[in-house]
Amino acid sequence: NATVQAVNLTCLTDTVGETITVTITAPDGTSRSYSRSCAGGGIPAEATAVAALINADASGYGAAGTTEIAAAGVGNDVQITQGAGAVTGQIFYWDTLRNIDVDDVSADPGLAADITAIRAEDDDWYGAVLDSSGGAEQTVLGSSLATAGKTAWHQSQDSDIRNGTAGNLALVLQAATRDRSILMYSGHGMDEYPSAAAMAKMTTYNPGGTTLAWQTLAGVTAMGAYAWDWENGSLANCRTSRTNVQVVVGGVNVVDGQGGWCCASRWVDERLLLDYLQINIPVEIAEAIAARAATGTKIPYTDAAAAVARGAILKALAGPDSWGAVDLVDEDTGEELFQFAFLPAASQTAANKALRKFAGVTFSVRGTGAAQLYDIAGVINFA
């Protein structure tokens with residue numbers, strides 16, 4: 001099912017001397033820029049004029065060019081929809097926006113069915129990114145993967161996120177407690193694929209070994225690269241809605257140091273660590289049982305069976321301990337932080353014994369957390 005793109009570019013001013021600018025990039029990577037000096041005749045008039053610029057461009061994508069898109073001034077919006085010459089599924093991109101807000105209102109083309117079909121064919125994957133950025137489709141991506149043991153890496157250019165508007169994609173994902181969803185916002189073109197860059201960066205590292213915050217995402221233009229990037233918007237709103245943004249800090253492009261979130265309550269590094277352990281602890285248990293079986297020795301249904309599970313769990317935790325994702329021992333006090341308990345064999349139910357299932361095994365260990373910010377006070381004494 002292919003996306004049929006529909007985007008509203010909302011003009012924000014008609015003040016004489018101000019400029020409204022948008023660059024449109026086609027699926028083949030070619031770009032066309034449109035800029036208009038405001039005439040002061042009302043914002044709807046400006047929207048109509050910008051739409052006319054797009055439609056009149058003989059080298060462009062509107063009526064005078066390839067007719068792949070159609071632009072219309074409707075109220076304060078330049079409404080961009082699929083044109084007569086469009087190919088189904090084509091995605092256009094918007095960048096160098098000046099005095100324009102973006103709202104991708106593309107309808108969901110049936111993504112849930114697509115994901116179901118993909119998983120039926122091949123379910124051996126962990127994260128997903130869409131090439132389209134509409135809120136409807138992004139919402140379905142989150143709901144479709146929420147209970148699948150996979151991560152949804154969302155991206156959005158919708159200005160409602162930075163403006164803190166009720167009902168925006170970030171707040172929808174947050175309210176739905178999507179802790180397998182990670183959202184990247186950028187006011188720049190979505191052909192930079194900030195969510196794909198974030199997923200590629202984080203899955204390169206050991207699970208839980210580092211934070212998404214302070215990472216530099218290749219090919220992603222930071223918000224703040226241009227003086228007008230944050231006009232009519234706020235980084236604070238992105239932080240409130242647990243939205244990750246690449247920003248400029250000390251001349252370096254990095255993911256906001258107060259970010260690194262999943263959309264609900266966890267940090268990205270915590271999510272990756274938990275998923276790693278949920279996969280690898282059962283694997284280590286299975287390998288331990290198989291190793292005993294391969295020697296011609298079964299695991300007796302006694303308290304000694306718990307020791308096999310303990311060893312397998314510690315083996316699965318050894319990696320995360322070595323790369324700083326968990327602490328088995330407190331490095332400051334020497335306290336043992338790995339706790340293990342089990343239901344004695346004599347207390348197991350008859351049903352579990354009949355199934356040869358050793359139940360009631362539990363453990364706990366401390367995740368390391370991370371320091372992403374510092375609060376420092378100092379005094380300089382002059383003689």
# chains A, B, ... in the order shown; residues from 1 in each chain; ligands from 1

$ residues_around --residues "Glu231 (chain A)" --least-positions-apart "6" --cutoff "12 Å" --atoms "only C-alpha atoms" --output "number ranges by chain"
A: 12-13, 97-101, 159, 162-163, 187, 223-224

$ residues_around --residues "Ser265 (chain A)" --least-positions-apart "2" --cutoff "8 Å" --atoms "only C-alpha atoms" --output "PyMOL selection string"
chain A and resi 177+179+261-263+267

$ atom_distance --atom1 "CA of Leu173 (chain A)" --atom2 "CA of Gln5 (chain A)"
21.4 Å

$ residues_around --residues "Asn244 (chain A)" --least-positions-apart "2" --cutoff "10 Å" --atoms "only C-alpha atoms" --output "PyMOL selection string"
chain A and resi 155+170+182-186+194-195+198+212-213+235+238-239+241-242+246-247+255-263

$ atom_distance --atom1 "CA of Asn253 (chain A)" --atom2 "CA of Gly167 (chain A)"
29.0 Å

$ select_by_dssp --residues "region 68-153 of chain A" --states "alpha helix (DSSP H)" --output "ChimeraX atom specification"
/A:111-121,135-145

$ write_last_selection --atoms "all heavy atoms" --output "short mmCIF file (atom, residue, chain, number, x, y, z; two decimals), in the first residue's frame"
data_model
loop_
_atom_site.label_atom_id
_atom_site.label_comp_id
_atom_site.auth_asym_id
_atom_site.auth_seq_id
_atom_site.Cartn_x
_atom_site.Cartn_y
_atom_site.Cartn_z
N LEU A 111 -1.00 0.66 6.44
CA LEU A 111 0.32 0.19 6.89
C LEU A 111 0.24 -1.05 7.75
O LEU A 111 1.11 -1.94 7.66
CB LEU A 111 1.03 1.32 7.64
CG LEU A 111 2.42 0.98 8.17
CD1 LEU A 111 3.40 0.71 7.03
CD2 LEU A 111 2.95 2.11 9.07
N ALA A 112 -0.78 -1.15 8.59
CA ALA A 112 -0.88 -2.31 9.49
C ALA A 112 -0.89 -3.61 8.70
O ALA A 112 -0.24 -4.60 9.06
CB ALA A 112 -2.11 -2.19 10.37
N ALA A 113 -1.65 -3.62 7.60
CA ALA A 113 -1.70 -4.82 6.76
C ALA A 113 -0.35 -5.10 6.12
O ALA A 113 0.07 -6.26 5.99
CB ALA A 113 -2.76 -4.65 5.68
N ASP A 114 0.36 -4.05 5.74
CA ASP A 114 1.68 -4.22 5.15
C ASP A 114 2.65 -4.85 6.16
O ASP A 114 3.42 -5.75 5.82
CB ASP A 114 2.24 -2.87 4.69
CG ASP A 114 1.49 -2.32 3.49
OD1 ASP A 114 0.85 -3.11 2.79
OD2 ASP A 114 1.56 -1.11 3.26
N ILE A 115 2.62 -4.34 7.40
CA ILE A 115 3.51 -4.87 8.42
C ILE A 115 3.19 -6.33 8.71
O ILE A 115 4.08 -7.17 8.87
CB ILE A 115 3.45 -4.01 9.69
CG1 ILE A 115 4.08 -2.63 9.41
CG2 ILE A 115 4.17 -4.69 10.86
CD1 ILE A 115 3.97 -1.66 10.55
N THR A 116 1.91 -6.65 8.77
CA THR A 116 1.50 -8.04 8.98
C THR A 116 2.05 -8.93 7.87
O THR A 116 2.57 -10.04 8.13
CB THR A 116 -0.02 -8.15 9.04
OG1 THR A 116 -0.51 -7.38 10.15
CG2 THR A 116 -0.46 -9.59 9.20
N ALA A 117 1.96 -8.47 6.63
CA ALA A 117 2.46 -9.25 5.49
C ALA A 117 3.98 -9.40 5.53
O ALA A 117 4.52 -10.48 5.24
CB ALA A 117 2.02 -8.59 4.18
N ILE A 118 4.66 -8.33 5.90
CA ILE A 118 6.13 -8.37 5.99
C ILE A 118 6.57 -9.37 7.06
O ILE A 118 7.47 -10.19 6.84
CB ILE A 118 6.68 -6.97 6.30
CG1 ILE A 118 6.51 -6.05 5.08
CG2 ILE A 118 8.17 -7.04 6.70
CD1 ILE A 118 6.77 -4.60 5.37
N ARG A 119 5.90 -9.32 8.21
CA ARG A 119 6.28 -10.22 9.30
C ARG A 119 5.97 -11.68 8.95
O ARG A 119 6.69 -12.58 9.39
CB ARG A 119 5.56 -9.81 10.59
CG ARG A 119 5.99 -8.44 11.12
CD ARG A 119 5.41 -8.17 12.48
NE ARG A 119 5.90 -9.15 13.44
CZ ARG A 119 5.35 -9.37 14.64
NH1 ARG A 119 4.27 -8.70 15.00
NH2 ARG A 119 5.86 -10.28 15.46
N ALA A 120 4.92 -11.89 8.19
CA ALA A 120 4.60 -13.26 7.77
C ALA A 120 5.68 -13.80 6.84
O ALA A 120 5.99 -15.01 6.85
CB ALA A 120 3.24 -13.29 7.09
N GLU A 121 6.27 -12.92 6.04
CA GLU A 121 7.32 -13.33 5.10
C GLU A 121 8.68 -13.46 5.79
O GLU A 121 9.44 -14.39 5.54
CB GLU A 121 7.40 -12.29 3.96
CG GLU A 121 8.44 -12.61 2.90
CD GLU A 121 8.08 -13.81 2.06
OE1 GLU A 121 6.88 -14.13 1.97
OE2 GLU A 121 9.00 -14.42 1.48
N GLY A 135 1.60 11.90 10.09
CA GLY A 135 1.27 11.48 11.45
C GLY A 135 0.39 10.25 11.50
O GLY A 135 0.55 9.40 12.38
N ALA A 136 -0.56 10.12 10.56
CA ALA A 136 -1.46 8.97 10.58
C ALA A 136 -0.68 7.67 10.40
O ALA A 136 -0.89 6.69 11.12
CB ALA A 136 -2.50 9.12 9.48
N GLU A 137 0.23 7.66 9.44
CA GLU A 137 1.00 6.45 9.16
C GLU A 137 2.01 6.17 10.27
O GLU A 137 2.24 5.02 10.66
CB GLU A 137 1.71 6.61 7.82
CG GLU A 137 2.10 5.30 7.17
CD GLU A 137 2.53 5.47 5.73
OE1 GLU A 137 2.50 6.61 5.20
OE2 GLU A 137 2.91 4.46 5.12
N GLN A 138 2.61 7.24 10.81
CA GLN A 138 3.57 7.06 11.90
C GLN A 138 2.88 6.49 13.15
O GLN A 138 3.46 5.66 13.86
CB GLN A 138 4.24 8.40 12.23
CG GLN A 138 5.15 8.95 11.15
CD GLN A 138 6.44 8.18 11.01
OE1 GLN A 138 6.91 7.54 11.95
NE2 GLN A 138 7.04 8.24 9.83
N THR A 139 1.66 6.91 13.39
CA THR A 139 0.91 6.39 14.53
C THR A 139 0.66 4.90 14.39
O THR A 139 0.78 4.13 15.35
CB THR A 139 -0.43 7.15 14.67
OG1 THR A 139 -0.18 8.54 14.87
CG2 THR A 139 -1.22 6.62 15.87
N VAL A 140 0.31 4.46 13.19
CA VAL A 140 0.08 3.04 12.94
C VAL A 140 1.37 2.25 13.08
O VAL A 140 1.38 1.12 13.58
CB VAL A 140 -0.55 2.84 11.54
CG1 VAL A 140 -0.66 1.35 11.21
CG2 VAL A 140 -1.92 3.48 11.48
N LEU A 141 2.49 2.83 12.64
CA LEU A 141 3.78 2.15 12.82
C LEU A 141 4.01 1.85 14.29
O LEU A 141 4.40 0.73 14.66
CB LEU A 141 4.91 3.03 12.28
CG LEU A 141 6.33 2.48 12.47
CD1 LEU A 141 6.55 1.24 11.62
CD2 LEU A 141 7.37 3.56 12.12
N GLY A 142 3.75 2.83 15.16
CA GLY A 142 3.95 2.62 16.59
C GLY A 142 3.04 1.57 17.17
O GLY A 142 3.48 0.70 17.93
N SER A 143 1.76 1.60 16.79
CA SER A 143 0.81 0.63 17.34
C SER A 143 1.08 -0.77 16.80
O SER A 143 0.90 -1.76 17.52
CB SER A 143 -0.62 1.05 17.03
OG SER A 143 -0.85 1.11 15.63
N SER A 144 1.56 -0.88 15.57
CA SER A 144 1.79 -2.19 14.96
C SER A 144 2.99 -2.91 15.57
O SER A 144 3.04 -4.14 15.57
CB SER A 144 1.99 -2.04 13.45
OG SER A 144 0.84 -1.54 12.83
N LEU A 145 3.96 -2.15 16.09
CA LEU A 145 5.17 -2.77 16.62
C LEU A 145 5.21 -2.76 18.15
O LEU A 145 6.15 -3.29 18.75
CB LEU A 145 6.41 -2.06 16.08
CG LEU A 145 6.59 -2.08 14.56
CD1 LEU A 145 7.92 -1.44 14.16
CD2 LEU A 145 6.48 -3.49 14.00
#

$ select_by_dssp --residues "region 101-168 of chain A" --states "strand (DSSP E or B)" --output "list in words"
Asp101, Val102, Asp103, Asp104, Gly127, Ala128, Thr151, Ala152, Trp153, His154, Gln155 and Ser156 of chain A

$ atom_distance --atom1 "CA of Arg356 (chain A)" --atom2 "CA of Ala307 (chain A)"
15.9 Å

$ closest_residue --among "A:Gly378, A:Pro207, A:Gly311, A:Gly369" --to "Asp327 (chain A)" --atoms "only C-alpha atoms"
A:Gly369

$ residues_around --residues "Tyr61 (chain A)" --least-positions-apart "5" --cutoff "9 Å" --atoms "only C-alpha atoms" --output "list in words"
Ile24, Ala26, Arg32, Ile54, Asn55, Thr66, Thr67, Glu68, Ile69, Ala70, Gly83 and Gly85 of chain A

$ residues_around --residues "Asp95 (chain A)" --least-positions-apart "5" --cutoff "6 Å" --atoms "only C-alpha atoms" --output "PDB file with C-alpha atoms, in the first residue's frame"
ATOM      1  CA  THR A  23      12.429  24.363  -1.352  1.00  0.00           C
ATOM      2  CA  HIS A 188      14.558  20.278   7.606  1.00  0.00           C
ATOM      3  CA  GLY A 189      13.773  17.913   4.758  1.00  0.00           C
TER       4      GLY A 189
END

$ residues_around --residues "region 284-286 of chain A" --least-positions-apart "4" --cutoff "10 Å" --atoms "only C-alpha atoms" --output "ChimeraX atom specification"
/A:279-280,290-291,308-316

$ residues_around --residues "Trp125 (chain A)" --least-positions-apart "3" --cutoff "10 Å" --atoms "only C-alpha atoms" --output "list in words"
Arg119, Asp122, Ala128, Gly149, Lys150 and Thr151 of chain A

$ closest_residue --among "A:Val172, A:Ala2, A:Ala58, A:Val361" --to "Asp131 (chain A)" --atoms "only C-alpha atoms"
A:Ala2
